[in-house]
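What follows is the content of input-v9.tsv, which has TSV, C-alpha atoms:
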```
chain	number	residue	atom	x	y	z
A	1	MET	CA	-37.58	-25.88	6.82
A	2	VAL	CA	-36.66	-27.53	10.12
A	3	HIS	CA	-39.90	-26.15	11.58
A	4	LEU	CA	-41.85	-27.51	8.62
A	5	HIS	CA	-40.50	-31.01	9.14
A	6	GLY	CA	-41.29	-30.63	12.84
A	7	ALA	CA	-44.87	-29.67	12.02
A	8	VAL	CA	-45.27	-32.81	9.90
A	9	THR	CA	-44.34	-34.92	12.91
A	10	GLY	CA	-46.64	-32.99	15.22
A	11	ARG	CA	-44.00	-30.83	16.91
A	12	HIS	CA	-44.69	-27.12	17.02
A	13	SER	CA	-42.18	-24.52	18.08
A	14	GLN	CA	-42.17	-20.74	18.05
A	15	ARG	CA	-40.71	-19.35	14.82
A	16	PRO	CA	-38.04	-16.65	15.13
A	17	THR	CA	-38.99	-15.08	11.77
A	18	ARG	CA	-42.24	-14.23	10.00
A	19	ASP	CA	-41.48	-15.83	6.64
A	20	VAL	CA	-43.16	-19.06	5.59
A	21	ASP	CA	-41.57	-22.18	4.16
A	22	VAL	CA	-43.65	-24.22	1.76
A	23	LEU	CA	-42.78	-27.62	0.37
A	24	LEU	CA	-44.54	-28.61	-2.85
A	25	ASP	CA	-44.51	-31.94	-4.67
A	26	ILE	CA	-44.70	-30.81	-8.29
A	27	GLY	CA	-44.43	-34.44	-9.46
A	28	VAL	CA	-47.93	-35.11	-8.14
A	29	MET	CA	-49.49	-31.91	-9.48
A	30	PRO	CA	-47.41	-29.78	-11.90
A	31	SER	CA	-49.66	-26.76	-11.38
A	32	SER	CA	-49.20	-26.87	-7.60
A	33	ILE	CA	-46.74	-23.94	-7.56
A	34	LYS	CA	-49.14	-21.62	-9.35
A	35	ASP	CA	-52.06	-22.69	-7.17
A	36	ALA	CA	-50.03	-22.41	-3.96
A	37	VAL	CA	-48.76	-18.95	-4.81
A	38	ARG	CA	-52.30	-17.79	-5.59
A	39	ILE	CA	-53.58	-19.09	-2.26
A	40	LEU	CA	-50.67	-17.62	-0.31
A	41	ASN	CA	-51.09	-14.27	-2.05
A	42	GLY	CA	-54.68	-14.34	-0.91
A	43	MET	CA	-53.44	-14.84	2.64
A	44	GLY	CA	-51.25	-11.74	2.43
A	45	TYR	CA	-47.93	-13.28	1.42
A	46	ARG	CA	-45.80	-12.45	-1.59
A	47	ILE	CA	-43.19	-14.72	-3.13
A	48	ALA	CA	-39.66	-13.39	-3.47
A	49	GLN	CA	-37.62	-15.15	-6.09
A	50	ALA	CA	-34.03	-15.97	-5.20
A	51	SER	CA	-33.30	-18.74	-7.66
A	52	SER	CA	-35.13	-21.14	-9.88
A	53	ALA	CA	-35.13	-23.72	-7.10
A	54	CYS	CA	-35.65	-21.68	-3.94
A	55	HIS	CA	-38.03	-18.90	-2.96
A	56	ARG	CA	-38.79	-17.04	0.24
A	57	LEU	CA	-42.29	-16.04	1.21
A	58	VAL	CA	-42.62	-12.98	3.39
A	59	PRO	CA	-45.64	-11.15	4.82
A	60	MET	CA	-46.64	-8.26	2.55
A	61	CYS	CA	-47.45	-6.11	5.58
A	62	THR	CA	-43.75	-6.22	6.48
A	63	LEU	CA	-42.04	-5.87	3.15
A	64	GLY	CA	-44.54	-3.86	1.18
A	65	THR	CA	-46.43	-4.83	-1.90
A	66	ASP	CA	-43.67	-4.38	-4.47
A	67	GLU	CA	-40.67	-5.66	-2.62
A	68	GLU	CA	-38.90	-8.89	-3.35
A	69	VAL	CA	-36.15	-10.23	-1.13
A	70	PRO	CA	-33.66	-12.46	-2.92
A	71	MET	CA	-32.23	-14.78	-0.28
A	72	ALA	CA	-28.68	-14.37	-1.54
A	73	ASP	CA	-28.91	-10.61	-0.93
A	74	THR	CA	-29.91	-10.82	2.70
A	75	ALA	CA	-27.94	-11.58	5.81
A	76	VAL	CA	-28.97	-12.26	9.38
A	77	LEU	CA	-28.37	-9.29	11.67
A	78	LYS	CA	-28.65	-10.06	15.37
A	79	VAL	CA	-30.00	-7.30	17.57
A	80	ASP	CA	-31.32	-7.33	21.12
A	81	GLY	CA	-35.04	-7.38	21.83
A	82	SER	CA	-35.39	-3.68	22.59
A	83	THR	CA	-33.55	-2.74	19.36
A	84	HIS	CA	-35.74	-5.09	17.37
A	85	ALA	CA	-38.84	-3.46	18.88
A	86	LEU	CA	-37.43	-0.03	18.02
A	87	VAL	CA	-36.77	-1.12	14.41
A	88	ALA	CA	-40.33	-2.45	14.11
A	89	HIS	CA	-41.75	0.71	15.66
A	90	GLY	CA	-39.68	3.01	13.42
A	91	ALA	CA	-40.40	1.03	10.28
A	92	THR	CA	-44.13	1.23	10.94
A	93	ALA	CA	-44.00	4.96	11.64
A	94	LEU	CA	-41.93	5.67	8.53
A	95	HIS	CA	-43.80	3.21	6.28
A	96	MET	CA	-40.55	1.42	5.59
A	97	THR	CA	-39.54	-2.21	5.80
A	98	HIS	CA	-37.21	-3.33	8.58
A	99	LYS	CA	-34.54	-3.89	5.96
A	100	GLU	CA	-34.92	-0.41	4.48
A	101	LEU	CA	-34.86	1.25	7.89
A	102	VAL	CA	-31.76	-0.61	9.12
A	103	GLY	CA	-29.93	0.06	5.83
A	104	ALA	CA	-30.76	3.76	5.82
A	105	ALA	CA	-29.96	4.15	9.52
A	106	VAL	CA	-26.53	2.50	9.23
A	107	ARG	CA	-25.62	4.57	6.15
A	108	GLU	CA	-26.68	7.79	7.82
A	109	TYR	CA	-24.87	6.90	11.05
A	110	LEU	CA	-21.61	6.15	9.23
A	111	ALA	CA	-21.91	9.21	6.97
A	112	ASN	CA	-22.37	11.41	10.07
A	113	ARG	CA	-19.25	9.93	11.61
A	114	ARG	CA	-16.95	10.13	8.59
A	115	ASP	CA	-14.98	12.92	10.28
A	116	THR	CA	-14.44	10.79	13.38
A	117	ILE	CA	-13.29	7.81	11.31
A	118	ASN	CA	-11.00	9.99	9.18
A	119	ALA	CA	-9.56	11.71	12.25
A	120	ARG	CA	-8.73	8.37	13.84
A	121	LEU	CA	-6.86	7.29	10.71
A	122	ARG	CA	-4.96	10.59	10.56
A	123	ALA	CA	-3.94	10.18	14.20
A	124	VAL	CA	-2.42	6.79	13.35
A	125	MET	CA	-0.80	8.20	10.18
A	126	ALA	CA	0.74	11.03	12.21
A	127	GLN	CA	2.80	8.43	14.09
A	128	ILE	CA	4.30	7.14	10.83
A	129	ASP	CA	6.65	9.10	8.56
A	130	ASP	CA	7.90	8.24	5.08
A	131	THR	CA	10.98	6.31	6.25
A	132	GLU	CA	11.13	2.55	6.13
A	133	THR	CA	12.13	2.48	9.80
A	134	SER	CA	8.98	4.32	10.83
A	135	GLN	CA	6.76	2.08	8.72
A	136	VAL	CA	8.41	-1.11	9.98
A	137	ALA	CA	7.99	0.21	13.53
A	138	ALA	CA	4.27	0.67	12.87
A	139	LEU	CA	3.93	-2.81	11.40
A	140	THR	CA	5.93	-4.63	14.09
A	141	GLY	CA	5.23	-2.62	17.22
A	142	LEU	CA	8.98	-2.18	17.77
A	143	SER	CA	10.07	1.38	18.53
A	144	PRO	CA	12.56	3.10	16.16
A	145	GLU	CA	15.08	3.07	19.04
A	146	ARG	CA	14.61	-0.66	19.52
A	147	ILE	CA	14.99	-1.21	15.76
A	148	ALA	CA	18.29	0.69	15.85
A	149	GLU	CA	19.50	-1.51	18.74
A	150	LEU	CA	18.69	-4.61	16.73
A	151	GLY	CA	20.70	-3.60	13.66
A	152	GLY	CA	18.47	-0.94	12.13
A	153	VAL	CA	16.81	-0.60	8.73
A	154	PRO	CA	18.95	0.77	5.86
A	155	GLU	CA	17.36	3.94	4.50
B	1	MET	CA	15.75	-24.21	7.84
B	2	ALA	CA	19.03	-22.28	8.01
B	3	VAL	CA	20.72	-21.85	11.39
B	4	ARG	CA	20.58	-18.43	13.08
B	5	PRO	CA	23.11	-17.20	15.64
B	6	THR	CA	21.81	-15.58	18.79
B	7	LEU	CA	22.78	-11.91	18.96
B	8	ARG	CA	24.91	-12.66	22.02
B	9	CYS	CA	26.79	-15.40	20.14
B	10	LEU	CA	27.11	-13.24	17.02
B	11	THR	CA	28.56	-10.19	18.74
B	12	HIS	CA	30.42	-11.64	21.72
B	13	GLU	CA	31.75	-14.91	20.34
B	14	LEU	CA	31.88	-14.63	16.56
B	15	GLY	CA	33.03	-11.00	16.89
B	16	LEU	CA	30.63	-9.67	14.26
B	17	LYS	CA	28.45	-6.59	14.25
B	18	ILE	CA	24.69	-6.94	14.05
B	19	PRO	CA	23.86	-6.48	10.35
B	20	PRO	CA	21.00	-4.25	9.17
B	21	ALA	CA	17.62	-5.95	9.12
B	22	ASP	CA	17.64	-6.57	5.36
B	23	ILE	CA	20.35	-9.18	5.99
B	24	ALA	CA	18.77	-12.13	7.78
B	25	LEU	CA	20.98	-13.55	10.51
B	26	ASP	CA	20.83	-16.97	8.87
B	27	GLU	CA	22.35	-15.42	5.71
B	28	ILE	CA	25.53	-14.24	7.45
B	29	ASP	CA	28.59	-15.67	5.78
B	30	HIS	CA	30.59	-17.50	8.46
B	31	PRO	CA	32.14	-20.98	8.35
B	32	LEU	CA	30.31	-22.08	11.52
B	33	LEU	CA	26.91	-20.98	10.20
B	34	ARG	CA	27.52	-22.64	6.83
B	35	LYS	CA	28.58	-25.86	8.54
B	36	ALA	CA	25.66	-25.77	10.99
B	37	SER	CA	23.11	-25.11	8.23
B	38	ASP	CA	24.52	-28.00	6.17
B	39	GLN	CA	24.43	-30.26	9.21
B	40	PHE	CA	20.84	-29.41	10.14
B	41	ALA	CA	19.48	-29.32	6.57
B	42	ASP	CA	18.79	-33.04	6.82
B	43	PRO	CA	16.54	-33.78	9.83
B	44	ALA	CA	18.01	-37.27	10.02
B	45	GLY	CA	21.57	-36.11	9.58
B	46	LEU	CA	24.36	-37.34	11.87
B	47	ARG	CA	24.84	-35.12	14.93
B	48	GLU	CA	26.94	-35.33	18.04
B	49	ARG	CA	25.23	-34.31	21.28
B	50	ILE	CA	27.11	-32.35	23.94
B	51	LEU	CA	26.72	-34.94	26.72
B	52	SER	CA	28.05	-32.69	29.45
B	53	ILE	CA	25.01	-30.39	28.98
B	54	ASP	CA	21.99	-32.15	30.47
B	55	ASP	CA	19.25	-29.50	30.94
B	56	THR	CA	18.84	-28.98	27.19
B	57	VAL	CA	19.79	-30.88	24.05
B	58	MET	CA	22.72	-29.20	22.34
B	59	PHE	CA	24.78	-30.48	19.45
B	60	LYS	CA	28.40	-29.91	18.49
B	61	ILE	CA	29.31	-27.95	15.37
B	62	LYS	CA	32.96	-28.20	14.34
B	63	VAL	CA	34.70	-26.62	11.41
B	64	GLN	CA	38.36	-25.71	11.07
B	65	ARG	CA	39.38	-24.35	14.48
B	66	TRP	CA	35.82	-23.22	15.26
B	67	ARG	CA	33.63	-25.00	17.80
B	68	ALA	CA	29.98	-24.20	18.53
B	69	ALA	CA	26.81	-25.42	20.23
B	70	ALA	CA	23.50	-25.63	18.37
B	71	TRP	CA	20.03	-25.81	19.92
B	72	THR	CA	16.65	-26.26	18.21
B	73	ASP	CA	13.54	-24.46	19.50
B	74	GLN	CA	9.92	-25.65	19.47
B	75	ASP	CA	9.37	-24.12	16.01
B	76	ASP	CA	12.23	-26.23	14.60
B	77	GLN	CA	14.44	-23.17	14.25
B	78	THR	CA	18.03	-24.12	15.07
B	79	TRP	CA	20.19	-21.51	16.78
B	80	LEU	CA	23.92	-21.21	17.21
B	81	VAL	CA	23.96	-20.45	20.93
B	82	ALA	CA	27.66	-20.58	21.77
B	83	ALA	CA	30.87	-20.49	19.76
B	84	GLY	CA	34.60	-20.31	20.24
B	85	GLN	CA	37.90	-21.43	18.80
B	86	ARG	CA	39.74	-24.58	19.80
B	87	GLU	CA	42.86	-23.86	21.76
B	88	ALA	CA	46.10	-25.28	20.38
B	89	GLY	CA	46.90	-28.67	21.91
B	90	SER	CA	43.36	-29.32	23.13
B	91	ARG	CA	40.65	-31.30	21.31
B	92	ASP	CA	37.42	-30.27	22.99
B	93	ASP	CA	38.19	-27.70	25.64
B	94	PHE	CA	35.49	-25.41	24.22
B	95	TYR	CA	32.79	-27.88	25.23
B	96	GLN	CA	34.38	-28.47	28.64
B	97	ALA	CA	34.45	-24.72	29.21
B	98	LEU	CA	30.82	-24.40	28.11
B	99	ALA	CA	29.72	-27.19	30.47
B	100	SER	CA	31.74	-25.66	33.31
B	101	ALA	CA	30.10	-22.28	32.78
B	102	ALA	CA	26.66	-23.93	32.63
B	103	ARG	CA	27.35	-25.75	35.91
B	104	THR	CA	28.35	-22.44	37.51
B	105	ALA	CA	25.11	-20.92	36.18
B	106	LYS	CA	23.17	-23.79	37.75
B	107	THR	CA	24.87	-23.24	41.13
B	108	ARG	CA	24.07	-19.53	40.95
B	109	TYR	CA	20.45	-20.27	39.96
B	110	ASN	CA	19.97	-22.68	42.85
B	111	SER	CA	21.35	-20.17	45.33
B	112	GLU	CA	18.72	-17.65	44.22
B	113	HIS	CA	15.69	-19.79	43.40
B	114	ALA	CA	13.56	-22.53	44.89
B	115	PRO	CA	12.99	-25.31	44.18
B	116	PRO	CA	16.54	-26.06	43.08
B	117	LEU	CA	17.34	-27.46	39.64
B	118	GLN	CA	18.07	-31.18	39.61
B	119	THR	CA	20.12	-31.03	36.44
B	120	ASP	CA	23.88	-30.71	36.32
B	121	THR	CA	23.80	-27.61	34.09
B	122	HIS	CA	21.63	-24.54	33.50
B	123	THR	CA	21.94	-23.09	29.99
B	124	ALA	CA	19.03	-20.59	29.87
B	125	ALA	CA	21.46	-17.68	29.53
B	126	TRP	CA	22.76	-19.08	26.24
B	127	LEU	CA	19.36	-19.67	24.63
B	128	PRO	CA	17.54	-17.10	22.42
B	129	ASN	CA	15.99	-14.28	24.45
B	130	ALA	CA	13.77	-11.24	23.82
B	131	ASP	CA	16.46	-9.57	21.70
B	132	ASP	CA	16.58	-12.56	19.37
B	133	ARG	CA	12.81	-12.75	19.09
B	134	ASP	CA	12.58	-9.01	18.36
B	135	ARG	CA	15.32	-9.26	15.73
B	136	TYR	CA	13.36	-12.06	14.06
B	137	ILE	CA	10.21	-9.89	14.12
B	138	LEU	CA	12.19	-6.95	12.70
B	139	GLU	CA	13.49	-8.99	9.74
B	140	ALA	CA	9.99	-10.32	9.02
B	141	GLY	CA	8.49	-6.84	9.39
B	142	LEU	CA	10.94	-5.33	6.91
B	143	ARG	CA	10.31	-8.11	4.38
B	144	PHE	CA	6.56	-7.59	4.79
B	145	ARG	CA	6.82	-3.80	4.40
B	146	ARG	CA	8.80	-4.22	1.15
B	147	GLN	CA	6.35	-6.79	-0.14
B	148	LEU	CA	3.52	-4.43	0.78
B	149	LYS	CA	5.08	-1.52	-1.11
B	150	ALA	CA	5.73	-3.63	-4.20
B	151	THR	CA	2.15	-4.91	-4.08
B	152	VAL	CA	0.59	-1.44	-3.71
B	153	LEU	CA	2.69	-0.03	-6.57
B	154	THR	CA	1.88	-2.96	-8.85
B	155	LEU	CA	-1.86	-2.72	-8.14
B	156	ALA	CA	-1.84	1.06	-8.67
B	157	ARG	CA	0.10	0.78	-11.92
B	158	ASN	CA	-2.14	-1.99	-13.27
B	159	SER	CA	-5.28	-0.04	-12.40
B	160	LEU	CA	-3.88	3.09	-14.02
B	161	LEU	CA	-3.28	1.08	-17.18
B	162	ASP	CA	-6.76	-0.39	-17.58
B	163	GLY	CA	-9.01	1.67	-15.29
B	164	HIS	CA	-10.26	-1.41	-13.44
B	165	GLU	CA	-9.88	-2.58	-9.87
B	166	HIS	CA	-6.90	-4.85	-9.17
B	167	THR	CA	-6.53	-6.95	-6.05
B	168	ALA	CA	-3.89	-9.01	-4.26
B	169	GLU	CA	-3.72	-11.02	-1.05
B	170	ILE	CA	-1.00	-10.17	1.40
B	171	GLY	CA	-0.53	-10.84	5.09
B	172	GLY	CA	-3.95	-12.43	5.44
B	173	ALA	CA	-5.75	-9.42	3.95
B	174	THR	CA	-7.01	-8.63	0.47
B	175	ILE	CA	-6.00	-5.24	-0.92
B	176	GLY	CA	-7.74	-3.75	-3.93
B	177	ILE	CA	-6.94	-0.52	-5.78
B	178	HIS	CA	-9.13	1.20	-8.34
B	179	ILE	CA	-7.77	4.32	-10.06
B	180	ARG	CA	-9.70	6.48	-12.50
B	181	ALA	CA	-7.57	8.83	-14.54
B	182	GLU	CA	-9.77	10.27	-17.24
B	183	ASP	CA	-8.52	13.03	-19.53
B	184	GLY	CA	-9.29	16.47	-18.15
B	185	HIS	CA	-10.22	15.09	-14.74
B	186	GLU	CA	-8.35	14.53	-11.52
B	187	THR	CA	-6.96	11.08	-10.82
B	188	TYR	CA	-9.26	9.37	-8.29
B	189	VAL	CA	-7.96	6.50	-6.14
B	190	ALA	CA	-10.13	4.06	-4.21
B	191	LEU	CA	-8.34	1.54	-2.00
B	192	ARG	CA	-10.10	-1.24	-0.18
B	193	ILE	CA	-8.95	-3.79	2.35
B	194	ILE	CA	-10.77	-6.95	3.33
B	195	GLY	CA	-9.78	-8.54	6.61
B	196	ALA	CA	-9.41	-7.67	10.26
B	197	VAL	CA	-6.37	-5.47	9.74
B	198	PRO	CA	-4.89	-3.26	12.47
B	199	ASP	CA	-5.05	0.51	11.97
B	200	THR	CA	-1.25	0.65	11.63
B	201	LEU	CA	-1.35	-1.69	8.63
B	202	LEU	CA	-4.16	0.31	7.00
B	203	ALA	CA	-2.30	3.58	7.59
B	204	THR	CA	0.95	2.14	6.18
B	205	VAL	CA	-0.82	0.86	3.05
B	206	LEU	CA	-2.40	4.27	2.42
B	207	ILE	CA	0.93	6.04	2.97
B	208	LEU	CA	2.52	3.73	0.38
B	209	VAL	CA	0.13	4.86	-2.37
B	210	PRO	CA	2.23	7.42	-4.29
B	211	GLY	CA	1.12	10.97	-5.03
B	212	CYS	CA	-1.67	11.10	-2.43
B	213	ASP	CA	-1.94	13.73	0.29
B	214	ARG	CA	-2.08	12.03	3.68
B	215	ASP	CA	-4.87	14.31	4.85
B	216	GLY	CA	-6.85	13.63	1.69
B	217	TRP	CA	-7.82	10.04	2.52
B	218	GLY	CA	-11.52	9.73	3.24
B	219	TYR	CA	-13.68	6.86	4.45
B	220	GLU	CA	-16.16	5.62	1.82
B	221	LEU	CA	-19.31	3.54	2.00
B	222	ALA	CA	-18.83	1.91	-1.43
B	223	MET	CA	-16.34	1.27	-4.20
B	224	PRO	CA	-16.81	3.33	-7.40
B	225	ASP	CA	-18.68	0.59	-9.25
B	226	ARG	CA	-20.18	-1.55	-6.53
B	227	GLU	CA	-21.42	-1.94	-2.97
B	228	LEU	CA	-19.19	-2.93	-0.07
B	229	ALA	CA	-18.35	-6.59	0.42
B	230	ASP	CA	-18.39	-8.30	3.82
B	231	ASN	CA	-15.64	-7.17	6.19
B	232	GLU	CA	-14.41	-4.60	3.66
B	233	GLN	CA	-13.37	-1.00	4.24
B	234	VAL	CA	-12.86	1.53	1.46
B	235	TRP	CA	-10.80	4.73	1.42
B	236	SER	CA	-10.47	7.27	-1.38
B	237	ASN	CA	-8.15	10.12	-2.32
B	238	MET	CA	-6.91	12.14	-5.29
B	239	MET	CA	-3.56	11.28	-6.88
B	240	GLU	CA	-1.25	13.92	-8.29
B	241	PRO	CA	-1.15	13.49	-12.09
B	242	THR	CA	2.64	13.73	-12.07
B	243	ALA	CA	2.85	10.87	-9.57
B	244	ALA	CA	0.52	8.82	-11.75
B	245	ALA	CA	2.74	9.48	-14.77
B	246	GLU	CA	5.88	8.54	-12.82
B	247	LEU	CA	4.18	5.39	-11.59
B	248	LEU	CA	3.54	4.30	-15.15
B	249	ASP	CA	7.06	5.14	-16.28
B	250	ALA	CA	9.20	4.08	-13.35
B	251	GLU	CA	10.30	0.61	-12.37
B	252	HIS	CA	9.51	0.48	-8.66
B	253	THR	CA	11.23	-2.39	-7.00
B	254	SER	CA	11.95	-1.30	-3.44
```

Using the file provided, produce a representation of the structure as C-alpha cells.
Amino acid sequence: MVHLHGAVTGRHSQRPTRDVDVLLDIGVMPSSIKDAVRILNGMGYRIAQASSACHRLVPMCTLGTDEEVPMADTAVLKVDGSTHALVAHGATALHMTHKELVGAAVREYLANRRDTINARLRAVMAQIDDTETSQVAALTGLSPERIAELGGVPE
Amino acid sequence: MAVRPTLRCLTHELGLKIPPADIALDEIDHPLLRKASDQFADPAGLRERILSIDDTVMFKIKVQRWRAAAWTDQDDQTWLVAAGQREAGSRDDFYQALASAARTAKTRYNSEHAPPLQTDTHTAAWLPNADDRDRYILEAGLRFRRQLKATVLTLARNSLLDGHEHTAEIGGATIGIHIRAEDGHETYVALRIIGAVPDTLLATVLILVPGCDRDGWGYELAMPDRELADNEQVWSNMMEPTAAAELLDAEHTS
C-alpha cells in the first residue's frame, strides 16, 4: 500500500513481492469491486479473500488457478537471493507454488531428522535422573556437588 | 523483602548449619533476622548507620545481646553481613571490632593492589559472594522445579479427565498437555512448549510426566488436533495406563 501511495505522487520503486494492491472507492461506484476483479482476472491475477475488508491479489502463474492465500495464514520468510532462486526454480519444475514447495521441503527435512532431534533430547535426559537434586541441577546449572555444599535438596 | 544472612555470617557468626534448599535463608528463625526484617520492612524506617564503616553503607541491628551489620544490594535485597554478641560491660564493641577488622582489610588490600583505596575501611570480604548468589539460585531453582512438577501433574490430570488440551504459563514458557485415553487403546500424551526454552528445561518437563518411558518421547510436527503454533515444539509418548489411573486418583502435591 505504501508503494501505491508512492505511485499516486509520482514516485516509483521496485516492489519486493509480486502481489498487487488495489484501492477502490466503492462510494463513487458500488460495482467497482466486481468490475475491478473482472479486469484483474483478465490480466492474470486472482483475488484471495482474507477478510471482508481486505484481499490480496497474487499472480495466477505463481499460485495456480485454484489457490487462495488468506493473508492471516501467511507469514514472511526471509531467505537469501540464491535460496529464493532455488525455490522459484524448484517450484516451476515441480509445478508447485513457492509456498507449497517451502512447506513440503521443511516438513520432509524435519521428518528426516526426527532421529537426530530425538537423540539430542535423550542425551540431555541422560544427564538427569529422577531425583529432585538432579533436576534442580539441570534447571540451575549448579552441579549436584555444588548443591550439596550449599545445603542440598531434601529427597 | 526479608533479610537474608550471608552463608559466612550464618555459619561462622550465628553458629547455624546451612539449611536444605527448601528453607529459604530469609525464613530462618533467629532473633537478629526477625529484628532486621522488621526494621527493613519499612523503606523509610529509622536506621542507625555504622559511621566507622565508610566504603559501604551498613546499618546496625541490635536485639537482646546480639549485634549485627546489614547491607542492601542493588536489587534491594538486604543481607545480614556480620553478627556477634555484645560483650559484658561494653556497649558497642562489636561495631568497633568490625571497623577495626575492615581497616586491617583495607591495609592488606592496599599492600597488594594499586591504586590504593582512599577509604578508611574495606568490607568486600563481608559482602555476599558467589556462594550466596548460588544459594539464592538454588532456592529459586528448587521452588521452580516443584512448581513445574505441580503444573505438569495438574495439566495431565485435567486432560485425562476431559480429553482436551490444557495449558499453563510458567517460567516465561507456555506448557500444554493433551492426553487421549480411549477405552481399548493406549494412552497417548502430546506435550507442547511455546517459548525459547533451554533443552534442560524441556527434558525436565518431559521427565516429570508420569508413566512415560524416557526413550519413548518423539518429536512431532503437529498437535493431535491442530497445526503447530509459532515458536512451538511438540513431543509425544505413550503413558502407562496404571500411571494414568494413579494420576487421577492420587493427590500430587510435591

Could you list the residues in chain A lying within 6 Å of chain B, using only C-alpha atoms, and format the result as a PyMOL selection string?
-> chain A and resi 118+125+136+138+140+150-153

Kindly save the residues from that selection, with C-alpha atoms included, as a PDB file, keeping the file's coordinate frame.
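Output file out-v5.pdb follows:
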```
ATOM      1  CA  ASN A 118     -11.000   9.990   9.180  1.00  0.00           C
ATOM      2  CA  MET A 125      -0.800   8.200  10.180  1.00  0.00           C
ATOM      3  CA  VAL A 136       8.410  -1.110   9.980  1.00  0.00           C
ATOM      4  CA  ALA A 138       4.270   0.670  12.870  1.00  0.00           C
ATOM      5  CA  THR A 140       5.930  -4.630  14.090  1.00  0.00           C
ATOM      6  CA  LEU A 150      18.690  -4.610  16.730  1.00  0.00           C
ATOM      7  CA  GLY A 151      20.700  -3.600  13.660  1.00  0.00           C
ATOM      8  CA  GLY A 152      18.470  -0.940  12.130  1.00  0.00           C
ATOM      9  CA  VAL A 153      16.810  -0.600   8.730  1.00  0.00           C
TER      10      VAL A 153
END
```

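Among B:His12, B:His122, B:His178, B:Arg34, the residue with the shortest atom-to-atom distance to Ser52 (chain B), counting all atoms listed in the file, is B:His122.
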
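Atom pair CA of Thr83 (chain A) / CA of Val234 (chain B) has a distance of 27.7 Å (rounded to one decimal).
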
What is the CA of Asn158 (chain B)-CA of Gly171 (chain B) distance in Å, reported with one decimal?
-> 20.4 Å

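The space separating CA of Met58 (chain B) from CA of Tyr95 (chain B) comes to 10.6 Å.
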
Compile the contact shell of Phe40 (chain B) as a list in words: residues with an atom at most 12 Å away, counting all atoms listed in the file, same-chain residues fewer than 2 positions apart removed.
-> Met1, Ala2, Val3, Arg4, Leu33, Arg34, Lys35, Ala36, Ser37, Asp38, Asp42, Pro43, Ala44, Gly45, Leu46, Arg47, Glu48, Phe59, Lys60, Ile61, Ala70, Trp71, Thr72, Asp76, Gln77, Thr78, Trp79 and Leu80 of chain B

What's the 9 Å shell around Gly176 (chain B), counting all atoms listed in the file, without same-chain residues fewer than 6 positions away, as a PyMOL selection string?
-> chain B and resi 152+155-156+165-169+190-194

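Residue nearest Ala99 (chain B), chosen from B:Asp162, B:Asp55, B:Glu182, B:Asp225 and counting only C-alpha atoms: B:Asp55.
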
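Proximity to Gln135 (chain A) was assessed for A:Glu155, A:Glu100, A:Glu149, A:Glu108 counting all atoms listed in the file; the smallest distance is recorded for A:Glu155.
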
Hey, what's within 12 Å of Ala245 (chain B) if we count only C-alpha atoms and toss same-chain stuff fewer than 5 positions away? As a ChimeraX atom specification, please?
-> /B:156-157,160-161,181,187,210-211,239-240,250-251
